[in-house]
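Participant: There's a structure below that I have some questions on.
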Amino acid sequence: MKIAATSCCKLQQVNPQPVWREIMEESPDVLILAGDNIYLDDNQHDQPRKLRAELQARYHAQLHEVHYAALLADLHGRGATLLATYDDHDFLGDNRYGEDHDPALRETAREELVRTFAVPMTGRDVYSVTHTALADIVVLDARFYRADPARSREDDNAILGPGQWDWFERVLRRSSARYLLVVSSSTYHDFGGECWEQYPLAFARMRRLLTGRAGAMIISGDAHRNALYDDSGVMEIVTSGVSQKSMVFGTTRKNYGIFSFDEHCMRAELRSLKAGSRFDISISLDNWQL
């Protein structure tokens with residue numbers, strides 16, 4: 001089984017985007033879009049109607065980028081799976097959270113994600129679990145029920161909200177797949193921006209659930225880099241910056257990850273501007289650590 005994953009695509013900076021052709025050539029069985037699939041120009045939306053109009057315009061433009069359109073058509077034609085979630089820039093704007101604003105705004109953002117990508121849902125929510133032959137892929141919604149850490153850092157239900165936490169724990173108890181992939185738009189560990197570590201009780205709760213579980217890992221985005229980390233005991237692979245300009249060097253990023261699985265081992269290749277893979281690691285289920 002092969003999975004491609006990436007995040008953070010800014011058409012306003014990079015158009016066209018040939019990186020999607022590279023991903024298509026990998027013929028992944030699953031494509032994970034881990035957030036910031038578009039970038040809102042207005043980061044202070046306070047009217048649902050205007051938010052909807054901009055989301056629709058931005059999604060329309062991205063869907064019609066020629067290489068992106070070819071990738072989605074290829075996935076559809078092969079019967080491959082597309083999984084997507086939002087982060088801040090395709091939700092309510094930079095560093096904004098659903099619990100801090102008019103509920104109609106977050107409802108609008110969720111509706112437009114569903115309309116655009118036809119994502120799997122749990123009831124009316126966009127968190128979901130997808131079962132494959134080798135892996136259970138859990139896509140979390142780390143925006144809708146989240147509040148600013150200044151007022152929720154000591155909440156055990158922070159980031160996901162009580163309903164999603166209960167659902168997530170049930171999914172983990174029932175999962176018997178060899179691999180468990182947890183997709184979070186925000187990074188779990190602190191890479192210098194928004195992250196789960198800003199919410200110590202939620203961070204600890206996730207750590208208790210995943211530490212020591214062979215085959216379990218977090219795939220995240222947002223940080224505009226490729227990175228590997230497991231010092232907490234939770235394995236995290238970040239792949240972010242699929243098509244946008246580096247603010248420091250002005251180069252065009254093309255970061256994405258290719259994950260290959262068999263019965264005994266996972267291989268993770270993190271691609272970037274460099275030839276080949278910036279990181280290329282193989283991890284066996286018998287020794288599940290970086």
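Ligands are numbered from 1 in the order shown, residues from 1 within each chain, and chains are lettered A, B, ... in the order they appear in the structure tokens.
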Residues within 12 Å of Glu54 (chain A), please, as number ranges by chain. Count only C-alpha atoms; anything in the same chain fewer than 2 positions from it doesn't count.

Facilitator: A: 38-43, 45, 47-52, 56-61, 89-93, 108-109, 112

Participant: Keeping C-alpha atoms for every residue in the selection just given, could you write it to a file as a tab-separated table (two decimals), in the first residue's frame?

Facilitator:
```tsv
chain	number	residue	atom	x	y	z
A	38	ILE	CA	-6.00	27.05	-0.07
A	39	TYR	CA	-5.08	30.37	1.55
A	40	LEU	CA	-7.76	32.92	2.37
A	41	ASP	CA	-6.85	36.51	1.58
A	42	ASP	CA	-9.09	37.79	4.40
A	43	ASN	CA	-7.96	36.45	7.78
A	45	HIS	CA	-13.89	37.13	8.23
A	47	GLN	CA	-19.70	37.35	7.93
A	48	PRO	CA	-20.49	33.77	6.84
A	49	ARG	CA	-21.71	34.89	3.42
A	50	LYS	CA	-18.41	36.60	2.58
A	51	LEU	CA	-16.40	33.70	4.00
A	52	ARG	CA	-18.33	31.26	1.82
A	56	GLN	CA	-15.65	28.92	-3.04
A	57	ALA	CA	-13.54	31.21	-5.22
A	58	ARG	CA	-10.26	29.93	-3.81
A	59	TYR	CA	-11.29	26.27	-4.04
A	60	HIS	CA	-12.52	26.79	-7.60
A	61	ALA	CA	-9.17	28.27	-8.63
A	89	HIS	CA	-5.95	29.22	6.17
A	90	ASP	CA	-8.78	27.19	4.64
A	91	PHE	CA	-10.96	27.51	7.73
A	92	LEU	CA	-11.43	30.98	9.27
A	93	GLY	CA	-8.01	32.54	8.68
A	108	THR	CA	-19.59	27.53	6.60
A	109	ALA	CA	-15.96	26.41	6.48
A	112	GLU	CA	-17.24	24.12	1.89
```

Participant: Write out as a tab-separated table a residue-level contact list of region 110-135 of chain A versus region 154-168 of chain A with cut-off 9 Å: for each qualifying residue the closest pair of atoms and the distance in Å to one decimal, counting only C-alpha atoms, rows sorted by chain and residue number upward.

Facilitator:
```
residue	atom	partner	partner_atom	distance
A:Asp125	CA	A:Gln164	CA	8.9
A:Tyr127	CA	A:Gln164	CA	7.7
A:Ser128	CA	A:Phe168	CA	8.9
A:Val129	CA	A:Phe168	CA	8.9
```

Participant: Which neighbours of Glu269 (chain A) fall inside 9 Å, counting only C-alpha atoms, when residues of the same chain fewer than 3 positions from it are skipped, and could you give them as a count of residues only?

Facilitator: 12

Participant: Can you list every residue in region 135-168 of chain A that DSSP puts in helix (DSSP H, G or I), as a PDB file with C-alpha atoms, in the first residue's frame?

Facilitator:
```pdb
ATOM      1  CA  PRO A 149      -4.767  27.990  24.104  1.00  0.00           C
ATOM      2  CA  ALA A 150      -4.934  31.040  26.368  1.00  0.00           C
ATOM      3  CA  ARG A 151      -8.352  29.840  27.541  1.00  0.00           C
ATOM      4  CA  SER A 152      -8.227  26.089  26.951  1.00  0.00           C
ATOM      5  CA  GLY A 161     -13.784  18.659  21.935  1.00  0.00           C
ATOM      6  CA  PRO A 162     -15.383  15.979  24.150  1.00  0.00           C
ATOM      7  CA  GLY A 163     -17.420  14.276  21.433  1.00  0.00           C
ATOM      8  CA  GLN A 164     -14.497  13.841  19.060  1.00  0.00           C
ATOM      9  CA  TRP A 165     -12.197  12.685  21.868  1.00  0.00           C
ATOM     10  CA  ASP A 166     -14.701   9.993  22.885  1.00  0.00           C
ATOM     11  CA  TRP A 167     -15.094   8.901  19.257  1.00  0.00           C
ATOM     12  CA  PHE A 168     -11.313   8.828  18.754  1.00  0.00           C
TER      13      PHE A 168
END
```

Participant: Select, from A:Ala214, A:Gly192, A:Arg225, A:Val242, the residue with the minimum atom-to-atom distance to Tyr68 (chain A), counting only C-alpha atoms.

Facilitator: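 Looking at the shortest contact to Tyr68 (chain A), the residue is A:Val242.
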
Participant: Mind checking DSSP for region 55-228 of chain A and telling me the strand (DSSP E or B) residues as a ChimeraX atom specification?

Facilitator: /A:81-84,122,125,128-131,135-139,179-184,187,195,216-220,226-228

Participant: Using only C-alpha atoms, which protein or nucleic acid residues come within 10 Å of Gly212 (chain A)? Drop anything in the same chain fewer than 2 positions from it, and give the result as a list in words.

Facilitator: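 The filter keeps Arg207, Arg208, Leu209, Leu210, Ala214, Gly215, Ala216, Gly233, Val234, Met235, Trp288 and Gln289 of chain A.
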
Participant: Output as CSV one row per residue of region 170-268 of chain A within 12 Å of region 10-21 of chain A: the closest atom pair and its distance in Å to one decimal place, counting only C-alpha atoms, sorted by chain and residue number ascending.

Facilitator:
```
residue,atom,partner,partner_atom,distance
A:His224,CA,A:Lys10,CA,11.4
A:Ser240,CA,A:Lys10,CA,11.5
A:Gly241,CA,A:Lys10,CA,8.7
A:Val242,CA,A:Val19,CA,7.3
A:Ser243,CA,A:Lys10,CA,6.1
A:Gln244,CA,A:Lys10,CA,5.3
A:Lys245,CA,A:Gln13,CA,6.3
A:Ser246,CA,A:Gln13,CA,9.9
A:Met247,CA,A:Gln13,CA,10.8
A:Gly250,CA,A:Gln13,CA,10.3
A:Thr251,CA,A:Val14,CA,10.2
A:Thr252,CA,A:Val14,CA,7.3
A:Arg253,CA,A:Val19,CA,9.2
A:Lys254,CA,A:Val19,CA,6.1
A:Asn255,CA,A:Val19,CA,8.6
A:Tyr256,CA,A:Val19,CA,8.9
A:Gly257,CA,A:Val19,CA,11.9
```

Participant: Under the rule that only C-alpha atoms are counted, which of A:Glu65, A:Gly98, A:Ile218, A:Tyr145 is the nearest residue to Ala34 (chain A)?

Facilitator: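 Going through A:Glu65, A:Gly98, A:Ile218, A:Tyr145 one by one, the smallest distance to Ala34 (chain A) is for A:Ile218.
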
Participant: Find the residue from A:Gly193, A:Pro103, A:Pro200, A:Gly79 that sits nearest to Leu31 (chain A); use only C-alpha atoms when measuring.

Facilitator: A:Gly79

Participant: For a quick check of understanding, using only C-alpha atoms, which of A:Leu55, A:Leu63, A:Leu180, A:Leu75 has the smallest distance to Glu26 (chain A)?

Facilitator: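 Looking at the shortest contact to Glu26 (chain A), the residue is A:Leu75.
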
Participant: I want to know what sits within 12 Å of Val138 (chain A), based on only C-alpha atoms, with residues of the same chain fewer than 5 positions away left out; could you give that as an MDAnalysis selection string?

Facilitator: chainID A and resid 32 34 83:85 120:122 126:132 164 167:172 175 177 179:185 216:220

Participant: Measure the distance from CA of Phe203 (chain A) to CA of Ser232 (chain A) in Å and round it to one decimal.

Facilitator: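 Interatomic distance, CA of Phe203 (chain A) to CA of Ser232 (chain A): 10.2 Å.
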
Participant: Please provide the set of residues having any atom within 9 Å of Ser186 (chain A), restricted to only C-alpha atoms, with same-chain residues fewer than 6 positions apart removed, written as a PyMOL selection string.

Facilitator: chain A and resi 34-35+87+142-143+193-196+220-223

Participant: Could you write out the selected residues, including C-alpha atoms, as a CSV table (one decimal), in the first residue's frame?

Facilitator:
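Final output, result-v7.csv:
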```csv
chain,number,residue,atom,x,y,z
A,34,ALA,CA,-3.6,17.7,5.7
A,35,GLY,CA,-4.8,21.3,5.6
A,87,ASP,CA,-6.2,24.0,8.9
A,142,ALA,CA,-8.3,20.1,14.9
A,143,ARG,CA,-10.1,23.4,14.1
A,193,GLY,CA,4.1,27.5,15.6
A,194,GLU,CA,0.7,26.3,16.5
A,195,CYS,CA,0.9,22.8,18.0
A,196,TRP,CA,-0.6,20.3,20.4
A,220,SER,CA,0.8,16.4,10.3
A,221,GLY,CA,1.2,19.6,8.2
A,222,ASP,CA,1.2,23.4,8.8
A,223,ALA,CA,4.9,23.9,9.7
```

Participant: To one decimal place in Å, what is the distance between CA of Leu228 (chain A) and CA of His189 (chain A)?

Facilitator: 10.1 Å
